$ cat final.txt   # compact mmCIF, C-alpha atoms
# COMPACT_ATOMS: atom_id res chain seq x y z
CA MET A 393 -29.31 0.69 6.40
CA SER A 394 -27.69 3.02 3.93
CA ASP A 395 -25.41 1.81 1.19
CA TRP A 396 -21.70 2.03 1.56
CA PRO A 397 -19.52 3.22 -1.30
CA GLU A 398 -18.56 0.27 -3.50
CA PRO A 399 -14.97 -0.50 -2.34
CA ALA A 400 -16.06 -0.32 1.32
CA VAL A 401 -17.74 -3.73 1.31
CA ASP A 402 -14.48 -5.49 0.33
CA TYR A 403 -12.61 -3.38 2.88
CA VAL A 404 -14.88 -4.45 5.75
CA GLN A 405 -14.93 -8.02 4.42
CA ALA A 406 -11.13 -8.19 4.66
CA ILE A 407 -11.22 -6.85 8.22
CA THR A 408 -13.93 -9.37 9.10
CA ASP A 409 -12.19 -12.36 7.52
CA THR A 410 -8.96 -11.38 9.24
CA LYS A 411 -10.83 -11.28 12.53
CA ILE A 412 -12.39 -14.69 11.86
CA LEU A 413 -8.87 -16.08 11.51
CA LEU A 414 -7.56 -14.12 14.49
CA GLY A 415 -10.29 -15.72 16.61
CA GLN A 416 -9.41 -19.14 15.22
CA ARG A 417 -5.65 -18.77 15.81
CA TYR A 418 -6.08 -17.32 19.31
CA ALA A 419 -8.32 -20.28 20.17
CA GLN A 420 -5.90 -22.83 18.70
CA TRP A 421 -3.10 -21.48 20.90
CA SER A 422 -5.22 -20.93 24.00
CA LEU A 423 -4.13 -24.18 25.66
CA ALA A 424 -0.56 -24.13 24.45
CA GLY A 425 0.90 -20.80 25.56
CA PRO A 426 3.95 -20.60 27.83
CA SER A 427 1.89 -19.66 30.91
CA LEU A 428 -1.64 -19.89 32.22
CA GLU A 429 -1.90 -16.10 32.03
CA ASP A 430 -1.05 -16.20 28.31
CA ASP A 431 -3.70 -18.86 27.79
CA ILE A 432 -6.37 -16.88 29.65
CA GLY A 433 -5.49 -13.80 27.60
CA GLY A 434 -5.65 -15.80 24.36
CA ALA A 435 -8.98 -17.42 25.17
CA SER A 436 -10.48 -14.09 26.09
CA ALA A 437 -9.15 -12.47 22.89
CA ALA A 438 -10.61 -15.35 20.85
CA GLN A 439 -14.04 -14.77 22.35
CA GLU A 440 -13.80 -11.04 21.71
CA GLU A 441 -12.76 -11.50 18.07
CA ILE A 442 -15.71 -13.82 17.51
CA GLY A 443 -17.94 -11.13 19.03
CA HIS A 444 -16.53 -8.53 16.63
CA VAL A 445 -17.07 -10.87 13.69
CA ARG A 446 -20.70 -11.48 14.68
CA GLN A 447 -21.43 -7.75 14.44
CA LEU A 448 -19.36 -7.07 11.33
CA VAL A 449 -21.12 -9.95 9.58
CA ARG A 450 -24.47 -8.29 10.33
CA GLU A 451 -23.20 -5.11 8.69
CA LEU A 452 -22.01 -7.03 5.63
CA GLU A 453 -25.38 -8.80 5.37
CA GLY A 454 -26.95 -5.35 5.41
CA GLN A 455 -24.84 -4.54 2.37
CA GLY A 456 -26.16 -7.58 0.51
CA ARG A 457 -23.58 -10.29 1.28
CA ASP A 458 -24.99 -13.81 1.64
CA PRO A 459 -25.20 -14.96 5.30
CA ASP A 460 -24.13 -18.57 4.61
CA TRP A 461 -21.18 -17.43 2.53
CA LEU A 462 -20.18 -14.96 5.24
CA ASN A 463 -20.35 -17.63 7.91
CA GLY A 464 -17.90 -19.91 6.17
CA ASP A 465 -19.72 -21.67 3.32
CA ARG A 466 -17.00 -20.81 0.79
CA GLU A 467 -13.64 -21.82 -0.64
CA PRO A 468 -10.40 -21.04 1.24
CA GLU A 469 -9.39 -18.67 -1.58
CA GLU A 470 -12.55 -16.65 -1.00
CA PHE A 471 -11.43 -15.63 2.49
CA ALA A 472 -9.85 -12.19 2.43
CA ASN A 473 -7.76 -12.71 5.56
CA ALA A 474 -4.28 -11.26 5.99
CA ALA A 475 -1.68 -13.70 4.61
CA SER A 476 0.05 -13.78 8.01
CA LEU A 477 -2.80 -15.93 9.34
CA ASP A 478 -2.82 -18.56 6.58
CA ARG A 479 -0.81 -21.05 8.62
CA ILE A 480 -0.44 -22.03 12.24
CA ASP A 481 2.81 -23.99 12.14
CA GLY A 482 5.77 -22.70 14.10
CA ASN A 483 6.34 -21.99 17.75
CA TRP A 484 4.84 -19.54 20.23
CA ALA A 485 7.18 -16.69 19.31
CA GLU A 486 6.33 -17.07 15.62
CA TYR A 487 2.63 -17.19 16.44
CA LEU A 488 2.82 -14.01 18.48
CA ALA A 489 4.85 -12.16 15.84
CA SER A 490 2.16 -13.19 13.34
CA ILE A 491 -1.02 -12.22 15.17
CA ALA A 492 0.28 -9.05 16.84
CA PRO A 493 0.86 -6.94 13.70
CA THR A 494 -2.24 -8.41 12.07
CA ASP A 495 -4.59 -7.53 14.94
CA ARG A 496 -3.05 -4.04 15.04
CA ALA A 497 -3.48 -3.56 11.27
CA ALA A 498 -7.15 -4.62 11.41
CA TRP A 499 -7.76 -2.19 14.27
CA TYR A 500 -6.10 0.73 12.43
CA MET A 501 -8.38 0.02 9.46
CA LEU A 502 -11.51 0.01 11.63
CA ASP A 503 -10.43 3.13 13.47
CA ALA A 504 -10.09 4.95 10.14
CA ILE A 505 -13.73 4.28 9.18
CA ASP A 506 -15.67 7.52 9.30
CA ARG A 507 -19.37 6.67 9.46
CA ASP A 508 -21.81 7.81 12.13
CA ASP A 509 -23.82 4.58 11.93
CA LEU A 510 -20.70 2.50 12.73
CA ASP A 511 -19.31 4.78 15.43
CA GLY A 512 -20.68 2.93 18.47
CA LEU A 513 -19.73 -0.47 17.07
CA ILE A 514 -16.16 0.62 16.40
CA THR A 515 -15.84 2.33 19.80
CA LYS A 516 -16.95 -0.89 21.45
CA ILE A 517 -14.46 -2.98 19.44
CA GLY A 518 -11.76 -0.49 20.42
CA GLU A 519 -12.43 -1.15 24.11
CA ASP A 520 -11.38 -4.78 23.52
CA GLU A 521 -8.57 -4.01 21.10
CA TYR A 522 -6.77 -1.73 23.54
CA PHE A 523 -6.01 -4.76 25.71
CA HIS A 524 -5.18 -7.09 22.79
CA LEU A 525 -2.59 -4.67 21.48
CA GLU A 526 -1.19 -3.81 24.90
CA TYR A 527 -0.72 -7.51 25.59
CA HIS A 528 0.96 -8.12 22.22
CA ASP A 529 3.40 -5.29 22.69
CA ALA A 530 4.24 -6.33 26.24
CA ARG A 531 4.83 -9.89 25.00
CA LEU A 532 6.83 -8.80 21.94
CA GLU A 533 9.11 -6.81 24.27
CA THR A 534 9.89 -9.86 26.39
CA LEU A 535 10.28 -12.12 23.35
CA ALA A 536 12.60 -9.57 21.73
CA ASP A 537 14.83 -10.16 24.70
CA GLU A 538 14.49 -13.96 24.86
CA ASP A 539 14.46 -14.88 21.18
CA PRO A 540 15.25 -11.88 18.98
CA GLU A 541 16.21 -14.01 15.94
CA THR A 542 12.80 -15.68 15.69
CA ILE A 543 10.89 -12.46 16.29
CA GLN A 544 12.93 -10.61 13.69
CA ALA A 545 12.69 -13.35 11.05
CA THR A 546 8.93 -13.69 11.56
CA LEU A 547 8.28 -9.95 11.47
CA GLU A 548 10.24 -9.66 8.22
CA GLU A 549 7.50 -11.84 6.76
CA THR A 550 4.41 -10.75 8.70
CA LEU A 551 4.84 -6.95 8.77
CA PRO A 552 4.63 -6.66 4.95
CA GLN A 553 1.62 -9.02 5.02
CA ALA A 554 -0.11 -6.78 7.56
CA LEU A 555 0.80 -3.73 5.45
CA ALA A 556 -0.84 -5.39 2.44
CA LEU A 557 -4.05 -5.70 4.45
CA ILE A 558 -3.95 -2.00 5.30
CA GLY A 559 -3.44 -1.20 1.62
CA PRO A 560 -0.65 -0.37 -0.81
CA ALA A 561 1.65 2.59 -0.18
CA ALA A 562 0.41 4.14 -3.40
CA HIS A 563 -2.99 4.65 -1.76
CA ASP A 564 -2.28 8.12 -0.48
CA GLU A 565 -4.70 11.04 -0.18
CA SER A 566 -5.02 11.37 -3.91
CA ALA A 567 -5.33 7.67 -4.79
CA ASP A 568 -7.05 5.77 -1.94
CA PRO A 569 -10.58 4.95 -3.19
CA LEU A 570 -11.95 4.55 0.35
CA TYR A 571 -10.61 7.89 1.46
CA ASP A 572 -11.82 9.42 -1.76
CA ALA A 573 -15.34 8.06 -1.16
CA GLY A 574 -15.32 9.45 2.38
CA PHE A 575 -15.60 6.00 3.98
CA THR A 576 -12.30 6.46 5.82
CA ASP A 577 -10.85 9.64 7.26
CA ARG A 578 -7.22 8.67 6.63
CA PRO A 579 -5.72 7.10 3.50
CA ALA A 580 -3.91 3.74 3.67
CA ALA A 581 -0.53 5.46 3.24
CA GLU A 582 -1.07 7.36 6.49
CA LEU A 583 -2.15 4.24 8.40
CA ARG A 584 0.92 2.39 7.11
CA GLU A 585 3.17 5.15 8.35
CA ALA A 586 1.62 5.11 11.83
CA PHE A 587 1.87 1.31 11.86
CA ALA A 588 5.54 1.26 10.83
CA GLU A 589 6.40 4.00 13.32
CA HIS A 590 4.80 2.01 16.13
CA TYR A 591 6.98 -1.04 15.54
CA ARG A 592 10.15 0.94 14.92
CA GLU A 593 9.65 2.55 18.30
CA LEU A 594 8.68 -0.69 20.07
CA PHE A 595 11.87 -2.46 18.97
CA ALA A 596 14.19 0.58 19.03
CA ASP A 597 16.15 -0.50 22.11
CA THR A 598 16.06 -4.24 21.48
CA ASP A 599 18.12 -6.79 19.57
CA VAL A 600 15.37 -7.07 16.96
CA SER A 601 16.30 -5.11 13.86
CA LEU A 602 13.59 -4.08 11.41
CA GLU A 603 16.17 -2.88 8.84
CA ALA A 604 15.41 -5.75 6.46
CA VAL A 605 11.62 -5.30 6.55
CA ASP A 606 10.21 -4.28 3.18
CA TRP A 607 8.19 -1.29 4.38
CA ASP A 608 7.10 -0.45 0.81
CA ALA A 609 5.46 -3.79 0.07
CA PRO A 610 3.36 -4.72 -1.72
CA PRO A 611 3.80 -3.10 -5.14
CA ILE A 612 0.37 -1.93 -6.22
CA GLY A 613 0.58 -4.05 -9.38
CA GLU A 614 0.75 -7.24 -7.33
CA TRP A 615 -1.96 -6.25 -4.87
CA ASP A 616 -5.38 -7.89 -5.01
CA GLU A 617 -7.91 -5.23 -4.06
CA THR A 618 -10.60 -7.76 -3.12
CA ARG A 619 -8.50 -9.92 -0.82
CA ARG A 620 -6.22 -7.04 0.17
CA ARG A 621 -3.07 -9.12 -0.15
CA ALA A 622 -0.30 -9.70 -2.64
CA ASP A 623 -0.10 -13.48 -2.95
CA ALA A 624 -2.45 -16.25 -3.97
CA GLY A 625 -2.12 -18.22 -0.73
CA ALA A 626 -5.04 -19.20 1.47
CA ILE A 627 -6.00 -20.91 4.69
CA ALA A 628 -6.28 -24.73 4.77
CA GLU A 629 -9.47 -26.64 4.01
CA ALA A 630 -9.36 -27.87 7.60
CA ASP A 631 -9.58 -24.26 8.81
CA VAL A 632 -12.68 -23.65 6.70
CA THR A 633 -14.28 -26.82 8.09
CA GLN A 634 -13.75 -25.58 11.63
CA ILE A 635 -14.76 -22.00 10.93
CA SER A 636 -17.99 -22.96 9.13
CA GLY A 637 -19.01 -25.12 12.10
CA LYS A 638 -20.79 -27.52 9.73
CA GLN A 639 -19.70 -30.63 11.60
CA ASN A 640 -21.23 -29.35 14.81
CA GLU A 641 -24.30 -27.74 13.30
CA LEU A 642 -26.52 -30.07 15.29
CA PHE A 643 -25.39 -28.45 18.52
CA ALA A 644 -25.89 -24.81 17.47
CA MET A 645 -28.64 -22.85 19.21
CA ASN A 646 -30.09 -21.09 16.20
CA MET B 1117 9.35 -12.04 38.60
CA LYS B 1118 6.50 -12.25 41.05
CA TYR B 1119 4.03 -9.40 41.41
CA GLU B 1120 1.45 -8.95 44.16
CA VAL B 1121 -1.97 -7.79 42.93
CA PHE B 1122 -4.03 -5.23 44.85
CA ALA B 1123 -7.51 -3.88 44.20
CA ARG B 1124 -10.42 -1.94 45.60
CA VAL B 1125 -14.09 -2.00 44.63
CA ASN B 1126 -15.00 1.63 45.38
CA GLN B 1127 -13.09 4.82 45.82
CA GLY B 1128 -12.46 5.24 49.55
CA ASP B 1129 -12.50 1.48 50.22
CA ASP B 1130 -9.43 -0.27 51.55
CA THR B 1131 -7.11 -1.48 48.81
CA ILE B 1132 -6.77 -5.19 49.45
CA HIS B 1133 -4.43 -7.93 48.34
CA ILE B 1134 -6.26 -10.23 45.90
CA GLY B 1135 -3.55 -12.48 44.48
CA ASN B 1136 -0.36 -12.53 42.48
CA VAL B 1137 0.97 -13.00 38.96
CA THR B 1138 4.35 -13.96 37.57
CA ALA B 1139 5.58 -11.96 34.60
CA GLN B 1140 8.81 -10.95 32.91
CA SER B 1141 8.06 -7.23 32.81
CA ASP B 1142 5.97 -4.59 34.57
CA ARG B 1143 3.94 -4.05 31.42
CA LEU B 1144 3.20 -7.73 31.04
CA ALA B 1145 2.35 -8.04 34.74
CA LYS B 1146 -0.32 -5.37 34.32
CA VAL B 1147 -1.86 -7.20 31.35
CA TYR B 1148 -1.75 -10.56 33.15
CA ALA B 1149 -3.37 -9.06 36.25
CA ARG B 1150 -6.15 -7.66 34.14
CA ASN B 1151 -6.66 -10.93 32.24
CA THR B 1152 -6.80 -12.90 35.45
CA PHE B 1153 -8.76 -10.61 37.76
CA ASN B 1154 -11.05 -8.49 35.58
CA GLU B 1155 -14.17 -10.52 36.31
CA GLU B 1156 -14.81 -7.74 38.80
CA ASP B 1157 -15.01 -4.16 37.63
CA TRP B 1158 -12.48 -2.62 40.00
CA ASP B 1159 -12.20 1.03 40.84
CA ARG B 1160 -8.47 0.37 41.07
CA LEU B 1161 -6.32 -2.63 40.18
CA ALA B 1162 -2.58 -2.42 40.75
CA VAL B 1163 0.50 -4.65 40.77
CA VAL B 1164 3.57 -4.32 42.96
CA ARG B 1165 6.83 -6.13 42.33
CA GLU B 1166 7.44 -8.56 45.14
CA ASP B 1167 10.91 -7.18 45.75
CA HIS B 1168 9.49 -3.68 46.11
CA LEU B 1169 7.60 -4.73 49.22
CA LEU B 1170 9.63 -3.48 52.14
CA ASP B 1171 9.44 -5.84 55.10
CA VAL B 1172 8.76 -4.23 58.43
CA GLU B 1173 8.27 -7.33 60.49
CA GLY B 1174 8.68 -10.86 59.27
CA GLU B 1175 9.50 -14.30 60.48
CA ALA B 1176 12.59 -13.22 62.38
CA LYS B 1177 12.10 -10.62 65.08
CA PRO B 1178 14.06 -7.50 64.19
CA THR B 1179 16.94 -6.63 66.44
CA VAL B 1180 19.19 -3.63 66.53
CA GLU B 1181 22.42 -4.55 64.84
CA VAL B 1182 25.50 -3.15 66.41
CA SER B 1183 28.39 -3.15 64.01
CA ALA B 1184 31.82 -3.77 65.30
CA MET C 573 -20.37 8.29 38.29
CA SER C 574 -23.57 9.96 37.18
CA SER C 575 -23.16 13.41 35.80
CA ALA C 576 -26.90 13.97 35.59
CA SER C 577 -27.47 15.53 38.99
CA SER C 578 -24.53 17.91 38.78
CA ASP C 579 -25.18 19.08 35.25
CA PRO C 580 -27.86 21.78 35.11
CA ASP C 581 -28.68 21.47 31.41
CA GLY C 582 -27.86 17.82 31.16
CA ALA C 583 -30.31 16.42 28.62
CA ALA C 584 -27.43 14.95 26.66
CA THR C 585 -25.51 13.70 29.68
CA THR C 586 -28.43 12.02 31.45
CA SER C 587 -28.51 9.38 28.72
CA LEU C 588 -25.44 7.81 30.29
CA SER C 589 -26.64 8.05 33.86
CA GLY C 590 -28.65 5.77 36.10
CA GLU C 591 -31.68 7.45 34.53
CA PHE C 592 -30.98 5.78 31.22
CA VAL C 593 -33.71 3.13 31.36
CA ALA C 594 -36.33 5.47 32.83
CA GLU C 595 -35.70 7.93 30.02
CA ARG C 596 -35.90 5.27 27.37
CA ARG C 597 -39.20 4.03 28.81
CA ALA C 598 -40.67 7.49 29.22
CA ASP C 599 -42.40 7.76 25.87
CA ALA C 600 -43.66 4.16 25.70
CA SER C 601 -47.36 3.56 25.07
CA ALA C 602 -49.39 1.63 27.66
CA PHE C 603 -48.91 -1.59 25.68
CA GLU C 604 -45.18 -0.95 25.23
CA GLN C 605 -44.92 -0.43 29.00
CA GLN C 606 -46.38 -3.93 29.42
CA LEU C 607 -43.73 -5.27 27.04
CA TRP C 608 -41.02 -3.50 29.08
CA ASP C 609 -42.45 -5.18 32.20
CA VAL C 610 -42.23 -8.60 30.56
CA LEU C 611 -38.62 -7.95 29.53
CA ASP C 612 -37.94 -6.86 33.10
CA GLU C 613 -38.68 -10.46 34.11
CA ILE C 614 -35.98 -11.97 31.89
CA PRO C 615 -32.89 -12.61 33.98
CA ASP C 616 -29.41 -11.82 32.80
CA PRO C 617 -27.86 -15.32 32.57
CA HIS C 618 -24.73 -14.23 34.42
CA ILE C 619 -26.02 -12.08 37.28
CA PRO C 620 -29.19 -11.85 39.36
CA VAL C 621 -30.78 -8.83 37.66
CA SER C 622 -33.06 -8.51 34.64
CA LEU C 623 -32.10 -7.41 31.13
CA VAL C 624 -33.94 -4.15 31.78
CA GLU C 625 -32.15 -3.61 35.09
CA MET C 626 -28.86 -4.31 33.33
CA ALA C 627 -29.79 -1.44 30.95
CA MET C 628 -29.39 -3.77 28.00
CA ILE C 629 -32.84 -2.90 26.62
CA TYR C 630 -32.56 0.44 24.82
CA ASP C 631 -36.02 0.72 23.25
CA VAL C 632 -39.27 -1.16 22.69
CA ASP C 633 -41.44 -0.15 19.80
CA GLU C 634 -44.77 -1.70 18.79
CA ALA C 635 -46.84 -1.02 15.69
CA ASP C 636 -49.69 -3.27 14.48
CA GLY C 637 -48.43 -6.27 16.42
CA HIS C 638 -44.88 -5.85 15.13
CA VAL C 639 -42.48 -5.36 18.03
CA THR C 640 -38.93 -4.08 17.64
CA VAL C 641 -36.63 -4.41 20.64
CA GLU C 642 -33.43 -2.40 20.48
CA MET C 643 -30.82 -3.79 22.79
CA SER C 644 -27.10 -3.85 23.45
CA PHE C 645 -24.60 -6.03 25.27
CA PRO C 646 -21.96 -5.21 27.89
CA CYS C 647 -19.57 -7.55 26.05
CA MET C 648 -19.57 -7.90 22.29
CA GLY C 649 -18.39 -11.51 22.58
CA CYS C 650 -21.19 -12.43 25.03
CA PRO C 651 -21.49 -16.23 25.00
CA ALA C 652 -25.20 -15.92 25.85
CA TYR C 653 -25.89 -13.70 22.83
CA ASP C 654 -28.12 -16.18 21.01
CA MET C 655 -29.75 -17.39 24.20
CA ILE C 656 -30.75 -13.85 25.18
CA HIS C 657 -32.12 -13.24 21.68
CA ASN C 658 -34.25 -16.36 22.06
CA ASP C 659 -35.43 -15.32 25.53
CA VAL C 660 -36.55 -11.90 24.32
CA GLU C 661 -38.31 -13.26 21.26
CA SER C 662 -40.06 -16.13 23.00
CA CYS C 663 -41.23 -14.09 26.00
CA LEU C 664 -42.82 -11.44 23.80
CA THR C 665 -44.16 -13.62 20.97
CA VAL C 666 -46.58 -15.46 23.27
CA LEU C 667 -48.33 -12.24 24.34
CA ASP C 668 -51.74 -11.26 22.99
CA GLY C 669 -51.29 -8.44 20.53
CA VAL C 670 -47.79 -9.47 19.48
CA ASP C 671 -47.42 -11.13 16.06
CA GLU C 672 -43.79 -10.63 15.32
CA VAL C 673 -40.66 -9.70 17.29
CA ASP C 674 -37.48 -8.21 15.88
CA VAL C 675 -34.43 -7.92 18.09
CA GLU C 676 -32.08 -5.25 16.84
CA VAL C 677 -28.65 -5.09 18.43
CA VAL C 678 -27.26 -1.55 18.59
CA TRP C 679 -24.01 -0.05 19.91
CA ASP C 680 -25.00 3.56 20.18
CA PRO C 681 -24.73 4.56 22.95
CA VAL C 682 -22.06 2.06 23.96
CA TRP C 683 -23.26 0.20 27.09
CA SER C 684 -21.67 1.42 30.28
CA LYS C 685 -22.07 0.61 33.96
CA ASP C 686 -22.99 4.26 34.45
CA MET C 687 -26.39 3.34 33.00
CA LEU C 688 -27.22 1.24 36.07
CA THR C 689 -29.36 2.73 38.82
CA PRO C 690 -27.98 2.88 42.37
CA GLU C 691 -30.65 0.29 43.37
CA VAL C 692 -29.44 -2.19 40.79
CA ARG C 693 -25.84 -1.61 41.81
CA SER C 694 -26.57 -2.32 45.45
CA LYS C 695 -28.56 -5.42 44.45
CA MET C 696 -25.51 -6.66 42.59
CA ASN C 697 -23.17 -5.72 45.42
CA GLU C 698 -25.29 -7.73 47.82
CA SER C 699 -24.87 -10.72 45.52
CA GLY C 700 -21.12 -10.31 45.69
CA ILE C 701 -20.69 -8.64 42.31
CA SER C 702 -18.96 -5.31 42.16
CA LEU C 703 -19.77 -3.03 39.30
$ encode --input "final.txt" --output "structure tokens"
Amino acid sequence: MSDWPEPAVDYVQAITDTKILLGQRYAQWSLAGPSLEDDIGGASAAQEEIGHVRQLVRELEGQGRDPDWLNGDREPEEFANAASLDRIDGNWAEYLASIAPTDRAAWYMLDAIDRDDLDGLITKIGEDEYFHLEYHDARLETLADEDPETIQATLEETLPQALALIGPAAHDESADPLYDAGFTDRPAAELREAFAEHYRELFADTDVSLEAVDWDAPPIGEWDETRRRADAGAIAEADVTQISGKQNELFAMN
Amino acid sequence: MKYEVFARVNQGDDTIHIGNVTAQSDRLAKVYARNTFNEEDWDRLAVVREDHLLDVEGEAKPTVEVSA
Amino acid sequence: MSSASSDPDGAATTSLSGEFVAERRADASAFEQQLWDVLDEIPDPHIPVSLVEMAMIYDVDEADGHVTVEMSFPCMGCPAYDMIHNDVESCLTVLDGVDEVDVEVVWDPVWSKDMLTPEVRSKMNESGISL
């Protein structure tokens, strides 16, 4: 397996850690959604995210990352997940407005990767993601009608957090190290624009206003390039315990 | 809103009724139908709003109404 | 939806047709053919066909007792992922002439139902599975 350019390992790590948490959050909500159909969709998305993680972890191992560390033997602060997934308090609408932009951001980042040896893997992930994102948008549309205040207030927090995962606005064609190294075919600034445009269009004819969203966040000076976020927050210890699977190690197959 | 779900296995087969889903929008109904019924790899899977089904014959026998 | 028969110069397109497995097996040595046959006995845990019939085995390579099996999965989140790994390893490791087995999961080409032969499809149809 050939070496990736240096910043690429952190980039894929952040996508992977975000997907670990997406799988965890989907699973945590998969018995508590408003309808059986929502629960089935959530459970299936959880399984798919775990499948994506399993393959991305193999790639990261190939780049020299420690398997135990990758699989959860680490401190909460060492997870490079999007800040929008740190907590799971709040109601269904808040949950949906947290995972939807995060899953979309992680997919945009994968889609931008330009490497022949990852092509098939990313195409396969995209087959799953199409349905995750379609479901989120369909659900956000109905929630925008039922509970616009909650959706708007949550998105004002989670959209900038998802943007931080994608990368700072300053990472344009001339300044994005991943684009510069040829690992991605679009700089973060371009992904951010496509991302913002998507949500502006989705909510255009609804009571959810995105006027107050800070579309320029985070300032590059506050952005942590390893964890791809702008604050020092982290998931709970209890999340790490569940993710690492240590307590149930006895029942694992391998 | 209730949606009836229809599918066929192969092109040329009869499209048959396989179940229903309840959803608040057409878009969501399509996603729900897929989540619920995609264990099979259908050639075609479609949803129809219940109120778009036009009754031809039902419980009451149709009669010609003559308006006064 | 095989494009192989209708495409006159279809070397590239046949790889996604029902010929997929036959093509992948074509250049196997006599011993590798035996390994393919053993893998053809391992059932898919979900449906009544083998891993080879499911076109999940992409390549089998043997050199000095070291066997590399390239395979893929129809679903990335397959719950039987580890179990299938174990099946492949344990079925091959016990054979004379095999010292070591590596299972390498690949995604190129991405698995597709177009890789199944018409025979396998009808076998699955008879079992009540439409693909």
$ closest_atom_pairs --input "final.txt" --of "chain B" --to "chain A" --cutoff "6 Å" --atoms "only C-alpha atoms" --output "JSON lines"
{"residue": "B:Arg1143", "atom": "CA", "partner": "A:Ala530", "partner_atom": "CA", "distance": 5.7}
{"residue": "B:Leu1144", "atom": "CA", "partner": "A:Ala530", "partner_atom": "CA", "distance": 5.1}
{"residue": "B:Val1147", "atom": "CA", "partner": "A:Tyr527", "partner_atom": "CA", "distance": 5.9}
{"residue": "B:Tyr1148", "atom": "CA", "partner": "A:Glu429", "partner_atom": "CA", "distance": 5.7}
{"residue": "B:Asn1151", "atom": "CA", "partner": "A:Gly433", "partner_atom": "CA", "distance": 5.6}
$ closest_residue --input "final.txt" --among "A:Trp396, A:Trp461, A:Phe471, A:Tyr487" --to "Val449 in chain A" --atoms "all atoms listed in the file"
A:Trp461
$ closest_atom_pairs --input "final.txt" --of "chain C" --to "chain A" --cutoff "10 Å" --atoms "all atoms listed in the file" --output "Markdown table"
| residue | atom | partner | partner_atom | distance |
| --- | --- | --- | --- | --- |
| C:Phe645 | CA | A:Lys516 | CA | 10.0 |
| C:Pro646 | CA | A:Lys516 | CA | 9.2 |
| C:Cys647 | CA | A:Glu440 | CA | 8.0 |
| C:Met648 | CA | A:Gly443 | CA | 4.9 |
| C:Gly649 | CA | A:Gly443 | CA | 3.6 |
| C:Cys650 | CA | A:Gly443 | CA | 6.9 |
| C:Pro651 | CA | A:Gln439 | CA | 8.0 |
| C:Tyr653 | CA | A:Gly443 | CA | 9.2 |
| C:Asp654 | CA | A:Met645 | CA | 6.9 |
| C:Met655 | CA | A:Met645 | CA | 7.5 |
| C:His657 | CA | A:Asn646 | CA | 9.8 |
| C:Asn658 | CA | A:Asn646 | CA | 8.6 |
| C:Val677 | CA | A:Gln447 | CA | 8.7 |
| C:Val678 | CA | A:Leu513 | CA | 7.8 |
| C:Trp679 | CA | A:Gly512 | CA | 4.7 |
| C:Asp680 | CA | A:Gly512 | CA | 4.7 |
| C:Pro681 | CA | A:Gly512 | CA | 6.3 |
| C:Val682 | CA | A:Gly512 | CA | 5.7 |
| C:Trp683 | CA | A:Lys516 | CA | 8.5 |
$ closest_residue --input "final.txt" --among "A:Ala536, A:Leu557, A:Ala400, A:Val632" --to "Ala581 in chain A" --atoms "all atoms listed in the file"
A:Leu557
$ residues_around --input "final.txt" --residues "Asp506 in chain A" --least-positions-apart "4" --cutoff "10 Å" --atoms "all atoms listed in the file" --output "PyMOL selection string"
chain A and resi 502+510-511+514+571+574-578
$ write_last_selection --input "final.txt" --atoms "C-alpha atoms" --output "PDB file, keeping the file's coordinate frame"
ATOM      1  CA  LEU A 502     -11.510   0.010  11.630  1.00  0.00           C
ATOM      2  CA  LEU A 510     -20.700   2.500  12.730  1.00  0.00           C
ATOM      3  CA  ASP A 511     -19.310   4.780  15.430  1.00  0.00           C
ATOM      4  CA  ILE A 514     -16.160   0.620  16.400  1.00  0.00           C
ATOM      5  CA  TYR A 571     -10.610   7.890   1.460  1.00  0.00           C
ATOM      6  CA  GLY A 574     -15.320   9.450   2.380  1.00  0.00           C
ATOM      7  CA  PHE A 575     -15.600   6.000   3.980  1.00  0.00           C
ATOM      8  CA  THR A 576     -12.300   6.460   5.820  1.00  0.00           C
ATOM      9  CA  ASP A 577     -10.850   9.640   7.260  1.00  0.00           C
ATOM     10  CA  ARG A 578      -7.220   8.670   6.630  1.00  0.00           C
TER      11      ARG A 578
END
$ closest_residue --input "final.txt" --among "C:Met628, C:Ile656, C:Val641, C:Ile619" --to "chain B" --atoms "only C-alpha atoms"
C:Ile619
$ atom_distance --input "final.txt" --atom1 "CA of Gly625 in chain A" --atom2 "CA of Gly637 in chain A"
22.3 Å
$ interface_residues --input "final.txt" --of "chain B" --to "chain C" --cutoff "8 Å" --atoms "only C-alpha atoms" --output "list in words"
Val1125, Glu1156, Asp1157 and Trp1158 of chain B
$ residues_around --input "final.txt" --residues "range 1167-1173 of chain B" --least-positions-apart "4" --cutoff "12 Å" --atoms "only C-alpha atoms" --output "list in words"
Met1117, Lys1118, Tyr1119, Glu1120, Val1121, Val1163, Lys1177, Pro1178 and Thr1179 of chain B
$ atom_distance --input "final.txt" --atom1 "CA of Val593 in chain C" --atom2 "CA of Leu611 in chain C"
12.3 Å
$ atom_distance --input "final.txt" --atom1 "CA of Glu1155 in chain B" --atom2 "CA of Phe1122 in chain B"
14.3 Å
$ closest_residue --input "final.txt" --among "C:Glu676, C:Glu642, C:Glu613, C:Ala600" --to "Tyr630 in chain C" --atoms "all atoms listed in the file"
C:Glu642
$ residues_around --input "final.txt" --residues "Arg597 in chain C" --least-positions-apart "3" --cutoff "10 Å" --atoms "only C-alpha atoms" --output "list of chain:residue names"
C:Phe592, C:Val593, C:Ala594, C:Ala600, C:Ser601, C:Glu604, C:Gln605, C:Trp608, C:Ile629, C:Tyr630, C:Asp631, C:Val632
$ residues_around --input "final.txt" --residues "Gly669 in chain C" --least-positions-apart "2" --cutoff "8 Å" --atoms "only C-alpha atoms" --output "ChimeraX atom specification"
/C:637,667,671
